[in-house]
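Enquirer: Once you've had a glance at the structure underneath, I'll fire off some questions.
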Amino acid sequence: MGRSADYSNEKCAIAGALYVVGEPWTLLIIRDAFRGFSRFEQWQKNTGIARNVLAARLKRLVATGIMHTRPYHQKPLRHEYLLTERGQSLKGVILALYGWGQEHVYKDRQPVLTLRHRQTAETLRPRIYDEGTGSRICLQDILFDYNPHAPSLAELYAETDSESMA
């Protein structure tokens, strides 16, 4: 797939996430899927991404269960790409990246894309909260507990492959 990074020896959920959605353009494709894009031409026109790269990213998103395809035209056969439940669960990632980019890149400038609350039309300022306590998560509140017995990504995917073959 032309990957420039090999995370297979990593034992980290962040590396695992990057393995699935970390290629260039992938998160922007997912962003636009949340905006309602579902067709190849929509992404190509909006991003200007090369057709071969877009095709490869969409194929990988389908292969990893982030999207699924559904035919919308028979002759010639054309598919639309829709987020699966797994893909929908990336909403928090997209919102967190948007919030960080607005705060640290755009700062007080108005970006091209603004997220607004559907009911109030107020500009959203995404933050990360703990589901258990409802409190905002701050870096100083986080402890990083390393598990040396966790499987590497290569071991994890080897387990997944053997389970799917059984």
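Naming scheme: A, B, ... for chains in displayed order of the structure tokens; residues 1 onward per chain; ligands 1 onward as shown.
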Please report, as a list of chain:residue names, each residue of chain A to which DSSP assigns strand (DSSP E or B) when run on this structure's backbone.
Expert: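 Assigned to strand (DSSP E or B), within chain A: A:Met67, A:His68, A:Thr69, A:Arg70, A:Pro71, A:Tyr72, A:His73, A:Arg78, A:His79, A:Glu80, A:Tyr81, A:Leu82, A:Leu83, A:Arg116, A:Thr123, A:Tyr129, A:Arg136.
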Enquirer: Based on the selection just made, write N, CA and C atoms of those residues as an mmCIF file, in the first residue's frame.
Expert:
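Output (again.cif):
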```cif
data_model
loop_
_atom_site.group_PDB
_atom_site.id
_atom_site.type_symbol
_atom_site.label_atom_id
_atom_site.label_comp_id
_atom_site.auth_asym_id
_atom_site.auth_seq_id
_atom_site.Cartn_x
_atom_site.Cartn_y
_atom_site.Cartn_z
ATOM 1 N N MET A 67 -15.695 1.870 6.293
ATOM 2 C CA MET A 67 -16.756 2.180 5.338
ATOM 3 C C MET A 67 -17.248 0.896 4.688
ATOM 4 N N HIS A 68 -18.414 0.972 4.107
ATOM 5 C CA HIS A 68 -18.917 -0.115 3.267
ATOM 6 C C HIS A 68 -19.441 0.528 1.986
ATOM 7 N N THR A 69 -19.577 -0.288 0.962
ATOM 8 C CA THR A 69 -20.054 0.238 -0.317
ATOM 9 C C THR A 69 -21.487 -0.204 -0.565
ATOM 10 N N ARG A 70 -22.158 0.616 -1.373
ATOM 11 C CA ARG A 70 -23.520 0.303 -1.792
ATOM 12 C C ARG A 70 -23.663 0.812 -3.222
ATOM 13 N N PRO A 71 -24.128 -0.045 -4.144
ATOM 14 C CA PRO A 71 -24.273 0.423 -5.520
ATOM 15 C C PRO A 71 -25.363 1.495 -5.628
ATOM 16 N N TYR A 72 -25.095 2.514 -6.442
ATOM 17 C CA TYR A 72 -26.104 3.536 -6.689
ATOM 18 C C TYR A 72 -26.404 3.685 -8.183
ATOM 19 N N HIS A 73 -25.611 3.038 -9.035
ATOM 20 C CA HIS A 73 -25.832 3.087 -10.482
ATOM 21 C C HIS A 73 -25.389 1.752 -11.068
ATOM 22 N N ARG A 78 -21.522 1.746 -10.261
ATOM 23 C CA ARG A 78 -20.883 2.737 -9.399
ATOM 24 C C ARG A 78 -21.371 2.520 -7.970
ATOM 25 N N HIS A 79 -20.454 2.732 -7.031
ATOM 26 C CA HIS A 79 -20.767 2.543 -5.613
ATOM 27 C C HIS A 79 -20.617 3.851 -4.859
ATOM 28 N N GLU A 80 -21.402 3.970 -3.817
ATOM 29 C CA GLU A 80 -21.166 5.043 -2.864
ATOM 30 C C GLU A 80 -20.536 4.419 -1.624
ATOM 31 N N TYR A 81 -19.830 5.236 -0.887
ATOM 32 C CA TYR A 81 -19.097 4.790 0.292
ATOM 33 C C TYR A 81 -19.741 5.411 1.523
ATOM 34 N N LEU A 82 -20.135 4.562 2.453
ATOM 35 C CA LEU A 82 -20.838 5.011 3.647
ATOM 36 C C LEU A 82 -20.097 4.544 4.896
ATOM 37 N N LEU A 83 -20.096 5.384 5.912
ATOM 38 C CA LEU A 83 -19.448 5.025 7.172
ATOM 39 C C LEU A 83 -20.206 3.886 7.849
ATOM 40 N N ARG A 116 -21.138 23.935 13.763
ATOM 41 C CA ARG A 116 -22.168 24.617 14.539
ATOM 42 C C ARG A 116 -23.145 23.598 15.111
ATOM 43 N N THR A 123 -21.270 28.186 17.437
ATOM 44 C CA THR A 123 -20.027 27.545 17.014
ATOM 45 C C THR A 123 -19.599 26.539 18.076
ATOM 46 N N TYR A 129 -13.982 14.781 27.190
ATOM 47 C CA TYR A 129 -14.500 14.540 28.526
ATOM 48 C C TYR A 129 -14.480 13.057 28.837
ATOM 49 N N ARG A 136 -13.839 17.206 32.215
ATOM 50 C CA ARG A 136 -12.934 17.429 31.102
ATOM 51 C C ARG A 136 -11.589 16.762 31.402
#
```
Enquirer: Can you tell me how far atom CA of A:Gln44 sits from atom CA of A:Leu18, in Å to one decimal?
Expert: 22.7 Å
Enquirer: What is the atom CA of A:Ile30-atom CA of A:Ala17 distance in Å, reported with one decimal?
Expert: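 Atom-to-atom, atom CA of A:Ile30 to atom CA of A:Ala17, that is 13.6 Å.
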Enquirer: So the first atom is atom CA of A:Leu95 and the second is atom CA of A:Pro126; what is the distance between them in Å, to one decimal place?
Expert: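 Calculated distance between atom CA of A:Leu95 and atom CA of A:Pro126 is 5.9 Å.
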Enquirer: Counting only C-alpha atoms, which of A:Ala154, A:Leu28, A:Ala56, A:Leu113 gets nearest to A:Trp43?
Expert: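 So, comparing all the options, the nearest one is A:Leu28.
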Enquirer: Point out the residue among A:Leu77, A:Ile142, A:Val93, A:Ala150 with the least atom-to-atom distance to A:Arg127, counting only C-alpha atoms.
Expert: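 When distances to A:Arg127 are compared using only C-alpha atoms, the smallest one comes from A:Val93.
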Enquirer: Could you please write out, as number ranges by chain, every residue of stretch 1-66 of chain A that DSSP assigns to alpha helix (DSSP H)?
Expert: A: 13-21, 26-34, 40-47, 51-63
